[in-house]
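**Student:** Hey, dropping target00.cif in here, mmCIF, C-alpha atoms:
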data_data
#
loop_
_atom_site.group_PDB
_atom_site.id
_atom_site.type_symbol
_atom_site.label_atom_id
_atom_site.label_comp_id
_atom_site.auth_asym_id
_atom_site.auth_seq_id
_atom_site.Cartn_x
_atom_site.Cartn_y
_atom_site.Cartn_z
ATOM 1 C CA ASP A 1 14.633 -5.717 13.416
ATOM 2 C CA HIS A 2 16.930 -5.207 10.459
ATOM 3 C CA GLU A 3 19.056 -8.206 11.486
ATOM 4 C CA LEU A 4 16.111 -10.540 10.815
ATOM 5 C CA ASN A 5 14.666 -8.703 7.811
ATOM 6 C CA PRO A 6 16.906 -8.663 4.727
ATOM 7 C CA ARG A 7 14.636 -6.235 2.821
ATOM 8 C CA LEU A 8 14.769 -3.748 5.691
ATOM 9 C CA ARG A 9 18.536 -4.194 5.987
ATOM 10 C CA SER A 10 18.895 -3.509 2.257
ATOM 11 C CA ALA A 11 16.680 -0.404 2.480
ATOM 12 C CA ILE A 12 18.685 0.950 5.427
ATOM 13 C CA PHE A 13 21.937 0.305 3.554
ATOM 14 C CA ALA A 14 20.623 2.165 0.495
ATOM 15 C CA ALA A 15 19.450 5.084 2.650
ATOM 16 C CA ARG A 16 22.824 5.331 4.382
ATOM 17 C CA LYS A 17 24.564 5.185 1.010
ATOM 18 C CA GLU A 18 22.541 8.276 0.012
ATOM 19 C CA ASN A 19 23.597 10.006 3.275
ATOM 20 C CA LEU A 20 20.076 10.048 4.716
ATOM 21 C CA PRO A 21 20.239 11.076 8.407
ATOM 22 C CA LYS A 22 19.703 8.317 10.973
ATOM 23 C CA ASP A 23 16.669 10.068 12.509
ATOM 24 C CA LYS A 24 14.968 10.201 9.084
ATOM 25 C CA ILE A 25 15.587 6.471 8.608
ATOM 26 C CA GLU A 26 14.149 5.687 12.056
ATOM 27 C CA THR A 27 11.095 7.884 11.406
ATOM 28 C CA ALA A 28 10.468 6.123 8.090
ATOM 29 C CA ILE A 29 10.660 2.721 9.803
ATOM 30 C CA LYS A 30 8.246 3.846 12.535
ATOM 31 C CA ASN A 31 5.811 5.167 9.921
ATOM 32 C CA ALA A 32 5.968 1.929 7.949
ATOM 33 C CA THR A 33 5.342 -0.233 11.015
ATOM 34 C CA GLY A 34 2.543 1.958 12.340
ATOM 35 C CA ASN A 35 4.400 2.840 15.541
ATOM 36 C CA VAL A 36 3.634 6.552 15.348
ATOM 37 C CA ALA A 37 1.488 8.091 18.072
ATOM 38 C CA GLY A 38 -1.846 9.345 16.783
ATOM 39 C CA GLU A 39 -1.753 7.324 13.564
ATOM 40 C CA ASN A 40 -4.829 5.200 12.961
ATOM 41 C CA TYR A 41 -4.555 2.647 10.204
ATOM 42 C CA GLU A 42 -7.560 0.912 8.715
ATOM 43 C CA GLU A 43 -7.946 -1.940 6.276
ATOM 44 C CA ILE A 44 -9.973 -1.120 3.187
ATOM 45 C CA GLN A 45 -10.962 -3.035 0.074
ATOM 46 C CA TYR A 46 -11.101 -1.789 -3.505
ATOM 47 C CA GLU A 47 -12.678 -3.572 -6.447
ATOM 48 C CA GLY A 48 -12.258 -3.036 -10.126
ATOM 49 C CA HIS A 49 -11.397 -4.414 -13.513
ATOM 50 C CA GLY A 50 -7.853 -4.675 -14.770
ATOM 51 C CA PRO A 51 -6.526 -5.175 -18.272
ATOM 52 C CA SER A 52 -8.699 -7.432 -20.447
ATOM 53 C CA GLY A 53 -11.535 -7.161 -17.913
ATOM 54 C CA THR A 54 -9.757 -9.126 -15.183
ATOM 55 C CA ALA A 55 -11.698 -8.832 -11.901
ATOM 56 C CA LEU A 56 -9.476 -7.558 -9.086
ATOM 57 C CA ILE A 57 -9.960 -7.117 -5.359
ATOM 58 C CA ILE A 58 -7.303 -5.051 -3.608
ATOM 59 C CA HIS A 59 -6.871 -5.078 0.169
ATOM 60 C CA ALA A 60 -4.987 -2.084 1.550
ATOM 61 C CA LEU A 61 -3.872 -0.815 4.944
ATOM 62 C CA THR A 62 -3.933 2.975 5.061
ATOM 63 C CA ASN A 63 -3.975 5.979 7.335
ATOM 64 C CA ASN A 64 -5.523 8.177 4.625
ATOM 65 C CA ARG A 65 -8.486 6.788 2.653
ATOM 66 C CA ASN A 66 -8.574 9.647 0.140
ATOM 67 C CA ARG A 67 -4.892 9.425 -0.768
ATOM 68 C CA THR A 68 -5.027 5.644 -1.111
ATOM 69 C CA ALA A 69 -8.178 5.736 -3.260
ATOM 70 C CA SER A 70 -6.542 8.300 -5.528
ATOM 71 C CA GLU A 71 -3.368 6.223 -5.874
ATOM 72 C CA VAL A 72 -5.277 2.988 -6.557
ATOM 73 C CA ARG A 73 -7.485 4.764 -9.134
ATOM 74 C CA TYR A 74 -4.368 6.154 -10.829
ATOM 75 C CA ILE A 75 -2.740 2.698 -11.029
ATOM 76 C CA PHE A 76 -5.915 1.177 -12.464
ATOM 77 C CA SER A 77 -6.183 3.866 -15.154
ATOM 78 C CA ARG A 78 -2.474 3.736 -15.991
ATOM 79 C CA LYS A 79 -2.637 -0.011 -16.570
ATOM 80 C CA GLY A 80 -5.825 0.054 -18.653
ATOM 81 C CA GLY A 81 -8.346 -0.797 -15.965
ATOM 82 C CA ASN A 82 -10.929 1.020 -13.907
ATOM 83 C CA LEU A 83 -11.767 1.227 -10.224
ATOM 84 C CA GLY A 84 -15.282 -0.021 -9.544
ATOM 85 C CA GLU A 85 -17.878 0.489 -6.854
ATOM 86 C CA THR A 86 -18.121 -1.713 -3.774
ATOM 87 C CA GLY A 87 -19.616 -5.029 -4.854
ATOM 88 C CA SER A 88 -18.766 -4.594 -8.521
ATOM 89 C CA VAL A 89 -16.592 -7.729 -8.655
ATOM 90 C CA SER A 90 -16.771 -9.348 -5.211
ATOM 91 C CA TYR A 91 -19.779 -11.423 -6.280
ATOM 92 C CA LEU A 92 -17.425 -13.265 -8.651
ATOM 93 C CA PHE A 93 -15.322 -14.614 -5.766
ATOM 94 C CA ASP A 94 -16.142 -17.382 -3.278
ATOM 95 C CA HIS A 95 -13.840 -16.029 -0.555
ATOM 96 C CA VAL A 96 -13.063 -12.355 -0.088
#
Just dump the structure as structure tokens.
**Tutor:**
Amino acid sequence: DHELNPRLRSAIFAARKENLPKDKIETAIKNATGNVAGENYEEIQYEGHGPSGTALIIHALTNNRNRTASEVRYIFSRKGGNLGETGSVSYLFDHV
């Protein structure tokens, strides 16, 4: 509900300011909330090393594992890190 969510209200305002059709706005909201028939979202975990060797664990909710892996890998490489294999940094954490 955009009345209770100021970030959503701001996004809707910005979309209307750019003359985005109402049906496109509603479709985008449904996609973001996972209320689209046939869409299956799953939670996945990525591990890697960020700048200066910082160990990172990323939790993501996605409907497309390949796209998300590609985007996460790109962000790691752009910021001077690298995406690791499963278990490459999780042993460093007490709670994952």
**Student:** Pick out the closest residue to Glu71 of chain A from this set: A:Lys30, A:Tyr46, A:Leu8, A:Ser88. Count only C-alpha atoms.
**Tutor:**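 Distance minimum relative to Glu71 of chain A lands on A:Tyr46.
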**Student:** Residues at most 12 Å from Glu26 of chain A, counting only C-alpha atoms, excluding those fewer than 4 positions away in the same chain, as a PyMOL selection string?
**Tutor:** chain A and resi 1-2+8+11-12+15-16+20-22+30-33+35-36
**Student:** Residues of the last selection are to be written out with C-alpha atoms, as a CSV table (one decimal), in the frame of the given file.
**Tutor:**
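Okay, this is what ended up in result.csv:
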chain,number,residue,atom,x,y,z
A,1,ASP,CA,14.6,-5.7,13.4
A,2,HIS,CA,16.9,-5.2,10.5
A,8,LEU,CA,14.8,-3.7,5.7
A,11,ALA,CA,16.7,-0.4,2.5
A,12,ILE,CA,18.7,1.0,5.4
A,15,ALA,CA,19.4,5.1,2.6
A,16,ARG,CA,22.8,5.3,4.4
A,20,LEU,CA,20.1,10.0,4.7
A,21,PRO,CA,20.2,11.1,8.4
A,22,LYS,CA,19.7,8.3,11.0
A,30,LYS,CA,8.2,3.8,12.5
A,31,ASN,CA,5.8,5.2,9.9
A,32,ALA,CA,6.0,1.9,7.9
A,33,THR,CA,5.3,-0.2,11.0
A,35,ASN,CA,4.4,2.8,15.5
A,36,VAL,CA,3.6,6.6,15.3
**Student:** Tell me which of A:Ser70, A:Leu56, A:Ile29, A:Arg65 sits closest to Ile44 of chain A, counting only C-alpha atoms.
**Tutor:** A:Arg65
**Student:** Calculated over only C-alpha atoms, which of the candidates A:Ala28, A:Leu83, A:Ala14, A:Val72 has the smallest distance to Ala55 of chain A?
**Tutor:**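 For Ala55 of chain A, the nearest of the candidates is A:Leu83.
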**Student:** How many Å lie between atom CA of Gly50 of chain A and atom CA of Tyr74 of chain A, rounded to one decimal?
**Tutor:**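 That distance, rounded to one decimal, is 12.0 Å.
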